[in-house]
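The file target-v9.cif contains mmCIF, C-alpha atoms:
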data_model
#
loop_
_atom_site.label_atom_id
_atom_site.label_comp_id
_atom_site.auth_asym_id
_atom_site.auth_seq_id
_atom_site.Cartn_x
_atom_site.Cartn_y
_atom_site.Cartn_z
CA GLY U 1 20.59 -26.31 -15.36
CA GLN U 2 24.15 -25.38 -14.41
CA VAL U 3 24.66 -23.46 -17.67
CA TYR U 4 21.46 -21.52 -17.13
CA TYR U 5 22.43 -20.80 -13.52
CA GLU U 6 25.90 -19.54 -14.42
CA THR U 7 24.42 -17.23 -17.08
CA GLU U 8 21.82 -15.96 -14.56
CA ARG U 9 18.88 -17.44 -16.47
CA TYR U 10 17.34 -18.56 -13.22
CA ASP U 11 13.84 -19.39 -14.48
CA ASP U 12 15.32 -21.71 -17.09
CA ALA U 13 17.65 -23.17 -14.44
CA ILE U 14 14.69 -23.85 -12.15
CA ALA U 15 12.84 -25.63 -14.97
CA ALA U 16 15.88 -27.77 -15.80
CA PHE U 17 16.70 -28.67 -12.19
CA SER U 18 13.02 -29.39 -11.42
CA ALA U 19 12.89 -31.86 -14.29
CA ALA U 20 16.08 -33.50 -13.01
CA VAL U 21 14.65 -33.73 -9.46
CA ARG U 22 11.49 -35.40 -10.78
CA SER U 23 13.69 -38.04 -12.35
CA ASN U 24 15.89 -38.40 -9.28
CA PRO U 25 14.03 -37.11 -6.17
CA ASP U 26 16.60 -38.53 -3.75
CA SER U 27 19.54 -36.53 -5.07
CA ALA U 28 20.76 -34.01 -2.50
CA ALA U 29 22.93 -32.38 -5.17
CA LEU U 30 19.97 -31.75 -7.50
CA LEU U 31 17.75 -30.45 -4.70
CA TYR U 32 20.58 -28.18 -3.55
CA ASP U 33 21.11 -26.80 -7.06
CA LEU U 34 17.37 -26.27 -7.49
CA ALA U 35 17.23 -24.40 -4.18
CA ARG U 36 20.10 -22.12 -5.21
CA ALA U 37 18.34 -21.20 -8.46
CA GLN U 38 15.05 -20.60 -6.65
CA TYR U 39 16.81 -18.38 -4.14
CA ARG U 40 18.45 -16.32 -6.90
CA ALA U 41 15.05 -15.93 -8.56
CA GLY U 42 13.61 -14.59 -5.30
CA GLU U 43 11.41 -17.67 -4.76
CA PHE U 44 12.42 -18.00 -1.12
CA ARG U 45 9.64 -20.29 0.08
CA ALA U 46 10.32 -22.72 -2.74
CA ALA U 47 14.05 -22.49 -2.02
CA ARG U 48 13.44 -23.28 1.64
CA SER U 49 11.46 -26.38 0.69
CA SER U 50 14.20 -27.56 -1.68
CA TYR U 51 16.97 -26.98 0.88
CA GLN U 52 14.94 -28.89 3.46
CA GLY U 53 14.62 -31.75 0.97
CA ALA U 54 18.37 -31.75 0.35
CA ALA U 55 19.04 -31.79 4.10
CA ARG U 56 16.71 -34.77 4.60
CA VAL U 57 18.53 -36.72 1.91
CA ASP U 58 22.05 -35.78 3.06
CA PRO U 59 22.51 -33.33 5.95
CA TYR U 60 26.25 -33.24 5.25
CA TYR U 61 25.91 -32.09 1.65
CA ARG U 62 27.93 -28.93 1.14
CA ASN U 63 26.52 -25.96 3.10
CA THR U 64 22.85 -26.90 2.84
CA TYR U 65 21.90 -25.92 6.38
CA HIS U 66 23.75 -22.60 6.20
CA ASN U 67 21.93 -21.71 2.98
CA LEU U 68 18.66 -22.79 4.56
CA GLY U 69 19.36 -20.37 7.40
CA ILE U 70 20.05 -17.53 4.96
CA THR U 71 16.81 -18.32 3.13
CA ASN U 72 14.86 -18.22 6.38
CA LEU U 73 16.33 -14.80 7.11
CA GLN U 74 15.02 -13.63 3.74
CA LEU U 75 11.60 -14.87 4.88
CA ASN U 76 12.00 -12.95 8.18
CA ASP U 77 11.80 -16.25 10.05
CA GLU U 78 14.56 -15.71 12.59
CA THR U 79 13.60 -18.71 14.72
CA ARG U 80 13.96 -21.18 11.85
CA ALA U 81 17.09 -19.40 10.66
CA LEU U 82 18.76 -19.82 14.04
CA GLU U 83 17.74 -23.48 14.10
CA ALA U 84 19.23 -24.05 10.64
CA PHE U 85 22.51 -22.33 11.51
CA ARG U 86 22.78 -24.41 14.67
CA PHE U 87 22.29 -27.57 12.61
CA ALA U 88 25.00 -26.27 10.27
CA VAL U 89 27.60 -26.00 13.03
CA GLU U 90 26.51 -29.35 14.44
CA VAL U 91 27.17 -30.93 11.05
CA ASN U 92 30.36 -28.89 10.57
CA PRO U 93 31.78 -27.32 13.76
CA ASP U 94 34.26 -25.34 11.63
CA ASP U 95 31.54 -23.52 9.68
CA ALA U 96 32.66 -19.97 10.54
CA ALA U 97 29.91 -18.30 8.52
CA SER U 98 27.19 -20.11 10.48
CA HIS U 99 28.82 -19.31 13.82
CA TYR U 100 28.81 -15.68 12.68
CA ARG U 101 25.12 -15.81 11.78
CA ILE U 102 24.22 -17.41 15.11
CA GLY U 103 26.16 -14.70 16.94
CA SER U 104 24.49 -11.94 14.94
CA ILE U 105 20.99 -13.25 15.65
CA LEU U 106 21.73 -13.68 19.35
CA LEU U 107 23.21 -10.18 19.50
CA ASP U 108 20.08 -8.69 17.96
CA ASP U 109 18.01 -10.67 20.48
CA GLY U 110 20.05 -9.32 23.41
CA ASP U 111 21.79 -12.60 24.32
CA LEU U 112 25.20 -10.95 24.66
CA GLY U 113 27.00 -13.90 26.22
CA GLY U 114 25.78 -16.34 23.58
CA ALA U 115 26.51 -13.86 20.82
CA ARG U 116 30.02 -13.26 22.03
CA GLY U 117 30.76 -17.01 22.23
CA SER U 118 29.58 -17.67 18.68
CA LEU U 119 31.32 -14.62 17.25
CA GLU U 120 34.59 -15.45 19.01
CA ARG U 121 34.37 -18.90 17.44
CA ALA U 122 33.81 -17.36 14.00
CA VAL U 123 36.81 -15.06 14.46
CA SER U 124 39.03 -17.93 15.61
CA LEU U 125 38.11 -19.92 12.49
CA ARG U 126 38.39 -16.99 10.06
CA PRO U 127 40.52 -14.23 11.59
CA ASP U 128 40.82 -12.62 8.16
CA VAL U 129 37.13 -11.60 7.90
CA ALA U 130 36.54 -7.99 8.98
CA ALA U 131 32.78 -8.40 9.44
CA TYR U 132 33.34 -11.08 12.09
CA HIS U 133 35.62 -8.79 14.12
CA SER U 134 33.19 -5.89 13.75
CA ARG U 135 30.20 -7.87 14.97
CA LEU U 136 32.22 -9.32 17.86
CA ALA U 137 33.23 -5.77 18.78
CA ALA U 138 29.56 -4.79 18.93
CA ALA U 139 28.86 -7.62 21.38
CA LEU U 140 31.86 -6.72 23.52
CA TYR U 141 30.84 -3.06 23.51
CA ARG U 142 27.34 -3.87 24.72
CA GLN U 143 28.86 -5.98 27.49
CA GLY U 144 30.85 -2.93 28.62
CA ARG U 145 34.18 -4.45 27.60
CA LEU U 146 35.35 -1.31 25.83
CA GLN U 147 39.04 -2.15 25.58
CA ASP U 148 38.31 -5.51 23.93
CA ALA U 149 35.72 -3.86 21.68
CA GLU U 150 38.28 -1.25 20.66
CA ARG U 151 40.77 -3.94 19.67
CA ALA U 152 38.15 -5.80 17.64
CA PHE U 153 37.00 -2.66 15.81
CA ASP U 154 40.65 -1.77 15.15
CA ARG U 155 41.20 -5.19 13.64
CA ALA U 156 38.17 -4.81 11.37
CA ALA U 157 39.47 -1.42 10.21
CA GLN U 158 42.92 -2.92 9.52
CA LEU U 159 41.45 -5.75 7.48
CA GLU U 160 39.23 -3.43 5.44
CA PRO U 161 40.94 -0.03 5.52
CA ASN U 162 38.60 1.33 2.84
CA ASN U 163 35.42 0.48 4.72
CA PRO U 164 34.16 3.71 6.35
CA THR U 165 31.86 1.88 8.77
CA HIS U 166 34.79 0.15 10.46
CA ALA U 167 36.65 3.45 10.85
CA TYR U 168 33.50 5.09 12.22
CA ASN U 169 32.88 2.35 14.79
CA ALA U 170 36.51 2.39 15.90
CA ALA U 171 36.31 6.18 16.29
CA LEU U 172 33.20 5.91 18.50
CA VAL U 173 34.85 3.49 20.93
CA LYS U 174 38.16 5.35 21.06
CA ASN U 175 36.30 8.57 21.75
CA GLU U 176 34.36 6.94 24.57
CA ARG U 177 37.61 5.64 26.05
CA GLY U 178 39.17 9.12 25.91
CA SER U 179 41.54 8.56 22.97
CA ASN U 180 40.23 11.65 21.23
CA GLN U 181 43.13 12.28 18.87
CA GLU U 182 43.00 8.71 17.56
CA ALA U 183 39.23 9.00 17.31
CA LEU U 184 39.62 12.23 15.35
CA ALA U 185 41.94 10.61 12.81
CA LEU U 186 39.56 7.67 12.35
CA ILE U 187 36.40 9.75 11.89
CA GLN U 188 38.24 11.95 9.41
CA ARG U 189 39.22 8.77 7.57
CA ALA U 190 35.58 7.63 7.53
CA ILE U 191 34.50 10.99 6.08
CA GLN U 192 37.25 10.80 3.48
CA LEU U 193 35.89 7.41 2.40
CA ASP U 194 32.23 8.41 2.50
CA GLY U 195 31.40 12.09 2.94
CA ARG U 196 27.63 11.62 2.62
CA ARG U 197 26.83 10.31 6.10
CA PRO U 198 25.57 12.99 8.53
CA GLU U 199 26.32 10.80 11.56
CA TYR U 200 30.01 10.91 10.65
CA TYR U 201 30.01 14.71 10.81
CA PHE U 202 27.99 14.60 14.03
CA THR U 203 30.66 12.41 15.61
CA LEU U 204 33.39 14.67 14.23
CA GLY U 205 31.63 17.63 15.87
CA ARG U 206 31.44 15.90 19.24
CA ILE U 207 35.13 14.99 19.13
CA GLN U 208 36.17 18.49 18.05
CA GLU U 209 34.19 19.96 20.94
CA GLN U 210 35.89 17.62 23.41
CA LEU U 211 39.25 18.75 22.00
CA GLY U 212 38.24 22.38 22.61
CA SER U 213 37.82 23.31 18.94
CA ILE U 214 34.35 24.84 19.16
CA ASP U 215 34.47 26.57 15.76
CA ALA U 216 35.49 23.30 14.12
CA ALA U 217 32.69 21.51 15.99
CA ILE U 218 30.13 24.05 14.77
CA ASN U 219 31.40 23.61 11.21
CA ALA U 220 31.13 19.81 11.48
CA HIS U 221 27.50 20.00 12.60
CA LEU U 222 26.77 22.45 9.80
CA MET U 223 28.21 19.91 7.36
CA ALA U 224 25.95 17.22 8.84
CA VAL U 225 22.88 19.40 8.35
CA GLN U 226 23.96 20.22 4.80
CA ARG U 227 24.03 16.48 4.06
CA ASP U 228 20.62 15.97 5.66
CA SER U 229 18.54 18.97 6.67
CA THR U 230 16.35 16.73 8.85
CA TYR U 231 19.29 15.41 10.91
CA ASP U 232 18.09 16.77 14.24
CA ARG U 233 20.97 15.41 16.32
CA SER U 234 23.32 17.91 14.69
CA LEU U 235 20.69 20.66 14.64
CA VAL U 236 20.40 20.36 18.42
CA GLU U 237 24.16 20.31 18.92
CA LEU U 238 24.57 23.24 16.54
CA GLY U 239 21.99 25.26 18.46
CA ARG U 240 23.60 24.42 21.79
CA LEU U 241 27.08 25.39 20.61
CA LEU U 242 25.93 28.61 18.95
CA ASN U 243 24.16 29.59 22.17
CA SER U 244 27.28 28.85 24.22
CA GLN U 245 29.21 31.21 21.92
CA GLY U 246 26.69 33.99 22.46
CA SER U 247 24.98 33.62 19.07
CA HIS U 248 21.56 33.38 20.69
CA ASP U 249 19.48 34.46 17.70
CA GLN U 250 21.18 31.94 15.40
CA ALA U 251 20.76 29.25 18.04
CA LEU U 252 17.07 30.07 18.33
CA GLN U 253 16.61 29.82 14.57
CA VAL U 254 18.31 26.42 14.39
CA LEU U 255 16.51 24.95 17.41
CA THR U 256 13.14 26.27 16.27
CA GLN U 257 13.64 24.35 13.04
CA ALA U 258 14.23 21.17 15.05
CA TYR U 259 11.26 21.95 17.32
CA GLN U 260 8.86 22.38 14.41
CA ARG U 261 9.77 18.90 13.23
CA ASN U 262 9.67 17.24 16.64
CA PRO U 263 8.10 19.34 19.42
CA ASN U 264 8.25 16.48 21.94
CA ARG U 265 11.97 15.84 21.84
CA PHE U 266 13.67 16.38 25.18
CA GLU U 267 16.97 17.78 23.87
CA VAL U 268 15.19 20.31 21.68
CA ASN U 269 13.03 21.65 24.50
CA ASN U 270 15.86 21.74 27.03
CA ASN U 271 18.13 23.68 24.69
CA LEU U 272 15.35 26.03 23.65
CA GLY U 273 14.76 26.69 27.34
CA ASN U 274 18.39 27.68 27.71
CA VAL U 275 18.32 29.96 24.66
CA TYR U 276 15.17 31.76 25.79
CA LEU U 277 16.65 32.08 29.28
CA ASP U 278 19.77 33.74 27.86
CA LEU U 279 17.57 36.02 25.75
CA GLY U 280 15.59 37.06 28.83
CA MET U 281 12.37 35.57 27.44
CA TYR U 282 11.41 33.81 30.64
CA ASP U 283 7.86 32.71 29.85
CA GLN U 284 9.06 30.85 26.75
CA SER U 285 11.99 29.43 28.72
CA ILE U 286 9.67 28.13 31.42
CA ARG U 287 7.35 26.61 28.83
CA HIS U 288 10.13 24.61 27.16
CA PHE U 289 11.80 23.57 30.42
CA SER U 290 8.39 22.42 31.70
CA THR U 291 7.95 20.30 28.59
CA ALA U 292 11.42 18.85 29.11
CA VAL U 293 10.56 18.02 32.75
CA GLY U 294 7.45 16.21 31.55
CA LEU U 295 9.53 14.17 29.13
CA ARG U 296 12.20 13.27 31.71
CA PRO U 297 10.71 13.78 35.16
CA ASN U 298 13.57 11.99 36.93
CA GLU U 299 16.38 14.10 35.49
CA ALA U 300 17.55 16.52 38.17
CA ALA U 301 19.35 18.89 35.80
CA VAL U 302 16.24 19.89 33.88
CA HIS U 303 14.33 20.60 37.11
CA TYR U 304 17.28 22.81 38.05
CA ASN U 305 17.08 24.63 34.72
CA LEU U 306 13.38 25.21 35.27
CA ALA U 307 14.13 26.61 38.73
CA LEU U 308 16.63 29.08 37.24
CA ALA U 309 13.99 30.29 34.79
CA TYR U 310 11.49 30.78 37.63
CA ILE U 311 14.11 32.72 39.62
CA GLU U 312 14.79 35.02 36.66
CA ALA U 313 11.03 35.47 36.25
CA ASP U 314 10.84 36.39 39.96
CA ASP U 315 8.51 33.48 40.71
CA MET U 316 10.24 32.32 43.89
CA ASN U 317 7.49 29.96 45.03
CA ARG U 318 7.65 27.86 41.88
CA ALA U 319 11.44 28.11 41.95
CA GLU U 320 11.41 26.61 45.45
CA ASP U 321 9.19 23.75 44.25
CA ALA U 322 11.50 23.02 41.33
CA LEU U 323 14.61 23.07 43.55
CA ASN U 324 12.96 20.73 46.02
CA ASP U 325 12.33 18.38 43.10
CA VAL U 326 16.03 18.55 42.25
CA VAL U 327 17.24 17.49 45.70
CA ARG U 328 14.51 14.85 45.93
CA ILE U 329 15.95 13.27 42.78
CA ASP U 330 19.62 13.91 43.63
CA SER U 331 20.47 14.84 47.19
CA ARG U 332 24.04 15.70 46.15
CA TYR U 333 23.05 18.31 43.58
CA TRP U 334 24.82 21.02 45.58
CA GLN U 335 23.95 23.99 43.37
CA ALA U 336 20.27 23.38 44.15
CA TYR U 337 20.86 24.05 47.88
CA HIS U 338 22.78 27.21 46.97
CA ARG U 339 19.93 28.49 44.78
CA LEU U 340 17.37 27.44 47.40
CA GLY U 341 19.15 29.60 49.94
CA GLU U 342 19.02 32.53 47.52
CA VAL U 343 15.29 31.97 47.03
CA PHE U 344 14.72 32.14 50.79
CA VAL U 345 16.77 35.34 51.01
CA ALA U 346 14.75 36.89 48.18
CA ARG U 347 11.58 36.14 50.13
CA GLY U 348 13.03 37.53 53.33
CA GLU U 349 13.19 34.13 55.02
CA ASN U 350 16.68 34.47 56.44
CA ASP U 351 16.39 31.71 59.03
CA ALA U 352 15.43 29.19 56.36
CA ALA U 353 18.24 30.47 54.12
CA ARG U 354 20.78 30.23 56.95
CA THR U 355 19.73 26.66 57.70
CA VAL U 356 19.99 25.36 54.14
CA LEU U 357 23.24 27.20 53.31
CA THR U 358 24.96 26.21 56.56
CA ARG U 359 23.99 22.60 55.95
CA LEU U 360 25.40 22.87 52.40
CA LEU U 361 28.83 23.98 53.66
CA GLU U 362 28.87 21.38 56.43
CA THR U 363 27.91 18.57 54.06
CA ASN U 364 30.21 19.66 51.25
CA PRO U 365 33.15 21.69 52.65
CA THR U 366 34.80 21.82 49.20
CA TYR U 367 31.79 23.28 47.41
CA PRO U 368 33.30 25.31 44.51
CA GLU U 369 31.14 28.38 45.19
CA ARG U 370 31.77 28.32 48.93
CA GLY U 371 32.92 31.93 48.93
CA GLU U 372 29.62 33.15 47.51
CA VAL U 373 27.66 31.14 50.08
CA GLU U 374 29.76 32.59 52.92
CA GLU U 375 29.09 36.10 51.62
CA ILE U 376 25.34 35.44 51.68
CA LEU U 377 25.56 34.11 55.23
CA ALA U 378 27.66 37.08 56.34
CA SER U 379 25.18 39.54 54.82
CA MET U 380 22.44 38.12 57.01
#

Show the structure stored in the file as structure tokens.
Amino acid sequence: GQVYYETERYDDAIAAFSAAVRSNPDSAALLYDLARAQYRAGEFRAARSSYQGAARVDPYYRNTYHNLGITNLQLNDETRALEAFRFAVEVNPDDAASHYRIGSILLDDGDLGGARGSLERAVSLRPDVAAYHSRLAAALYRQGRLQDAERAFDRAAQLEPNNPTHAYNAALVKNERGSNQEALALIQRAIQLDGRRPEYYFTLGRIQEQLGSIDAAINAHLMAVQRDSTYDRSLVELGRLLNSQGSHDQALQVLTQAYQRNPNRFEVNNNLGNVYLDLGMYDQSIRHFSTAVGLRPNEAAVHYNLALAYIEADDMNRAEDALNDVVRIDSRYWQAYHRLGEVFVARGENDAARTVLTRLLETNPTYPERGEVEEILASM
């Protein structure tokens, strides 16, 4: 059986080990070897039964419970897998691999505290394993412990410097913590190691934009789309950046492509609304902003965008309604009061305008556009 197993003749190994088990059914070693061969042959249910038999005979035999847990994962039985891994660490508290598996399952289930505890134990037992640091970093990140997550991702990247995923994850956390230059170097390293992943170029584009390199950001998102023409995250960012640079027609072309694939995506509709607004196509702008409002009714900014489109379309009544929605959602959205005052002026309702604009300046004396508001008040 061992010869067959080592030469990857798993069916023959299963036959040999099965015969041996029939002769000696109380041998944990034979049941364990049979289970390994069954697992390699893809016979996961049979492997589970054989591992369970080995554990009944001798729960301390090698890494029986750990392998049973792995087999249960292959069978998509997470509950039994977790139970087996917990037995494994009960039998051997220094089983780092089983602590890691427990932490990974708990992390996927949202038990962040339990996940972190198990993963920290795995790291303490095997500090040389990059995957353990990386998974611990994910738990720390989801707990909001960004500095600790950054250190753990850094350690994973140091242990496996040629693994692009570790460099990518480290770049994401450093970027979120404001270390943009370090993040840039790491994402460039990830791309150097694996230039096929559109999400790497997307992240590069976001970092380049934050560093003020808009042309480089546009190029990064173009590279993402070249790797995957359906990668809408970069299509949306590309359209937004092109529009901000005054390339409205190009932006419209890019965003329309994303819209045709997913007409109910918030970011697509919101950015299309902005492009049509800049192009002076107000009906289309209103249509897309209205769709965006329906998708995120509690987001003040998109109600504000819709109000701007109504103002440009000279529909002051609907503009007033949209601005009232803004301040209902966010009473400190100061630009909404400013625009509301302008709406009242446009309708000849100077008393209402004076009231809302005076209250704006009293409530927020440092309003950045205070001078414009004072000019409106003086003109009345």

ask   = Given the file above and the PyMOL selection byres ((chain U and resi 226) around 12), which residues are selected, and can you give them as a ChimeraX atom specification?
value = /U:195-199,201-202,219-225,227-232,234-235

query = Quick one: residues within 12 Å of U:Ala171, only C-alpha atoms counted, chain neighbours fewer than 2 positions away excluded, as number ranges by chain?
reply = U: 149-151, 153-154, 157, 164-169, 173-191, 199-201, 203-204, 206-207

With 3 Å of padding per side, what axis-aligned box (centre and edge lengths, Å, one decimal) covers all the listed atoms of stretch 141-158 of chain U? Give it as AutoDock Vina command-line options.
--center_x 35.1 --center_y -3.6 --center_z 19.1 --size_x 21.6 --size_y 10.7 --size_z 25.1

query = What is the atom CA of U:Gly1-atom CA of U:Gln74 distance in Å, reported with one decimal?
reply = 23.6 Å

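Interatomic distance, atom CA of U:Gln208 against atom CA of U:Leu146: 21.3 Å.
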
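The closest residue to U:Leu136, picked from U:Asp351, U:Ile102, U:Pro161, U:Ala29 and counting only C-alpha atoms, is U:Ile102.
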
Write out as a Markdown table the residues of stretch 218-286 of chain U that have any atom within 10 Å of an atom of stretch 296-316 of chain U, one row each with the nearest atom pair and its distance in Å to one decimal, counting all atoms listed in the file, sorted by chain and then rising number.
| residue | atom | partner | partner_atom | distance |
| --- | --- | --- | --- | --- |
| U:Phe266 | CA | U:Arg296 | CA | 7.4 |
| U:Asn270 | CA | U:Val302 | CA | 7.1 |
| U:Gly273 | CA | U:Asn305 | CA | 8.0 |
| U:Asn274 | CA | U:Asn305 | CA | 7.8 |
| U:Tyr276 | CA | U:Ala309 | CA | 9.2 |
| U:Leu277 | CA | U:Ala309 | CA | 6.4 |
| U:Asp278 | CA | U:Ala309 | CA | 9.7 |
| U:Gly280 | CA | U:Glu312 | CA | 8.1 |
| U:Met281 | CA | U:Ala313 | CA | 8.9 |
| U:Tyr282 | CA | U:Ala313 | CA | 5.9 |
| U:Asp283 | CA | U:Ala313 | CA | 7.7 |
| U:Gln284 | CA | U:Ala309 | CA | 9.4 |
| U:Ser285 | CA | U:Ala309 | CA | 6.4 |
| U:Ile286 | CA | U:Ala309 | CA | 5.9 |

Let's have the selection written as a compact mmCIF listing (two decimals), in the frame of the given file, with C-alpha atoms.
# COMPACT_ATOMS: atom_id res chain seq x y z
CA PHE U 266 13.67 16.38 25.18
CA ASN U 270 15.86 21.74 27.03
CA GLY U 273 14.76 26.69 27.34
CA ASN U 274 18.39 27.68 27.71
CA TYR U 276 15.17 31.76 25.79
CA LEU U 277 16.65 32.08 29.28
CA ASP U 278 19.77 33.74 27.86
CA GLY U 280 15.59 37.06 28.83
CA MET U 281 12.37 35.57 27.44
CA TYR U 282 11.41 33.81 30.64
CA ASP U 283 7.86 32.71 29.85
CA GLN U 284 9.06 30.85 26.75
CA SER U 285 11.99 29.43 28.72
CA ILE U 286 9.67 28.13 31.42

Taking (17.8, -18.0, -12.7) in the file's own coordinates, collect the residues within 9 Å, counting all atoms listed in the file, and hand them back as a PDB file with C-alpha atoms, in the coordinates of the input.
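Written out: point_38.pdb:
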ATOM      1  CA  TYR U   4      21.460 -21.520 -17.130  1.00  0.00           C
ATOM      2  CA  TYR U   5      22.430 -20.800 -13.520  1.00  0.00           C
ATOM      3  CA  GLU U   6      25.900 -19.540 -14.420  1.00  0.00           C
ATOM      4  CA  THR U   7      24.420 -17.230 -17.080  1.00  0.00           C
ATOM      5  CA  GLU U   8      21.820 -15.960 -14.560  1.00  0.00           C
ATOM      6  CA  ARG U   9      18.880 -17.440 -16.470  1.00  0.00           C
ATOM      7  CA  TYR U  10      17.340 -18.560 -13.220  1.00  0.00           C
ATOM      8  CA  ASP U  11      13.840 -19.390 -14.480  1.00  0.00           C
ATOM      9  CA  ASP U  12      15.320 -21.710 -17.090  1.00  0.00           C
ATOM     10  CA  ALA U  13      17.650 -23.170 -14.440  1.00  0.00           C
ATOM     11  CA  ILE U  14      14.690 -23.850 -12.150  1.00  0.00           C
ATOM     12  CA  ARG U  36      20.100 -22.120  -5.210  1.00  0.00           C
ATOM     13  CA  ALA U  37      18.340 -21.200  -8.460  1.00  0.00           C
ATOM     14  CA  GLN U  38      15.050 -20.600  -6.650  1.00  0.00           C
ATOM     15  CA  TYR U  39      16.810 -18.380  -4.140  1.00  0.00           C
ATOM     16  CA  ARG U  40      18.450 -16.320  -6.900  1.00  0.00           C
ATOM     17  CA  ALA U  41      15.050 -15.930  -8.560  1.00  0.00           C
TER      18      ALA U  41
END

query = How many Å lie between atom CA of U:His248 and atom CA of U:Leu295, rounded to one decimal?
reply = 24.2 Å

task = Mind checking which residues fall within 12 Å of U:Asn324, counting only C-alpha atoms, ignoring those fewer than 6 positions away in the same chain, and posting them as a ChimeraX atom specification?
result = /U:300,303-304,306-307,317-318,330-331,333-341,343,356

Residue members of the PyMOL selection byres ((chain U and resi 125) around 10) in the file shown, as an MDAnalysis selection string = chainID U and resid 93:97 99 119:124 126:129

Non-local contacts of U:Arg45 (12 Å; only C-alpha atoms; under 3 positions in same chain excluded) as JSON, numbers by chain = {"U": [35, 36, 38, 39, 40, 41, 42, 48, 49, 50, 51, 52, 68, 70, 71, 72, 73, 74, 75, 76, 77]}

request  = Name the residues that the PyMOL selection byres ((chain U and resi 65) around 10) picks from the file above, as a ChimeraX atom specification, using the file's chain letters and numbers.
outcome  = /U:51-52,54-55,59-64,66-71,81,83-92,98

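Restricting the calculation to only C-alpha atoms, the smallest distance between U:Phe289 and any of U:Asn271, U:Gln158, U:Gln2, U:Ser213 is found for U:Asn271.
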
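Among the candidates U:Met380, U:Gln192, U:His288, U:Gly371, the one nearest to U:Thr355 when counting only C-alpha atoms is U:Met380.
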
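Using all atoms listed in the file, the nearest neighbour of U:Ala137 within the list U:Arg347, U:Arg240, U:Arg116, U:Arg261 is U:Arg116.
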
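Closest approach to U:Gln143 among U:Ala19, U:Leu107, U:Leu272, U:Leu193 is made by U:Leu107 (distances from all atoms listed in the file).
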
Write out N, CA, C and O atoms for stretch 224-234 of chain U, as an mmCIF file, keeping the file's coordinate frame.
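Saved to part.cif:
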data_model
loop_
_atom_site.group_PDB
_atom_site.id
_atom_site.type_symbol
_atom_site.label_atom_id
_atom_site.label_comp_id
_atom_site.auth_asym_id
_atom_site.auth_seq_id
_atom_site.Cartn_x
_atom_site.Cartn_y
_atom_site.Cartn_z
ATOM 1 N N ALA U 224 26.931 18.299 8.667
ATOM 2 C CA ALA U 224 25.950 17.220 8.840
ATOM 3 C C ALA U 224 24.578 17.669 8.353
ATOM 4 O O ALA U 224 23.880 16.936 7.642
ATOM 5 N N VAL U 225 24.196 18.878 8.733
ATOM 6 C CA VAL U 225 22.880 19.400 8.350
ATOM 7 C C VAL U 225 22.818 19.653 6.846
ATOM 8 O O VAL U 225 21.765 19.473 6.213
ATOM 9 N N GLN U 226 23.934 20.032 6.247
ATOM 10 C CA GLN U 226 23.960 20.220 4.800
ATOM 11 C C GLN U 226 23.751 18.891 4.072
ATOM 12 O O GLN U 226 23.126 18.852 3.009
ATOM 13 N N ARG U 227 24.254 17.804 4.659
ATOM 14 C CA ARG U 227 24.030 16.480 4.060
ATOM 15 C C ARG U 227 22.605 16.015 4.245
ATOM 16 O O ARG U 227 22.051 15.330 3.390
ATOM 17 N N ASP U 228 22.001 16.380 5.376
ATOM 18 C CA ASP U 228 20.620 15.970 5.660
ATOM 19 C C ASP U 228 19.984 17.041 6.532
ATOM 20 O O ASP U 228 20.262 17.125 7.732
ATOM 21 N N SER U 229 19.132 17.840 5.941
ATOM 22 C CA SER U 229 18.540 18.970 6.670
ATOM 23 C C SER U 229 17.606 18.527 7.779
ATOM 24 O O SER U 229 17.217 19.325 8.624
ATOM 25 N N THR U 230 17.231 17.249 7.790
ATOM 26 C CA THR U 230 16.350 16.730 8.850
ATOM 27 C C THR U 230 17.147 16.028 9.959
ATOM 28 O O THR U 230 16.533 15.405 10.839
ATOM 29 N N TYR U 231 18.462 16.119 9.919
ATOM 30 C CA TYR U 231 19.290 15.410 10.910
ATOM 31 C C TYR U 231 19.304 16.220 12.204
ATOM 32 O O TYR U 231 20.173 17.062 12.449
ATOM 33 N N ASP U 232 18.311 15.947 13.057
ATOM 34 C CA ASP U 232 18.090 16.770 14.240
ATOM 35 C C ASP U 232 19.185 16.657 15.288
ATOM 36 O O ASP U 232 19.373 17.570 16.097
ATOM 37 N N ARG U 233 19.908 15.541 15.321
ATOM 38 C CA ARG U 233 20.970 15.410 16.320
ATOM 39 C C ARG U 233 21.984 16.546 16.167
ATOM 40 O O ARG U 233 22.405 17.163 17.150
ATOM 41 N N SER U 234 22.365 16.821 14.917
ATOM 42 C CA SER U 234 23.320 17.910 14.690
ATOM 43 C C SER U 234 22.659 19.276 14.801
ATOM 44 O O SER U 234 23.298 20.242 15.224
#
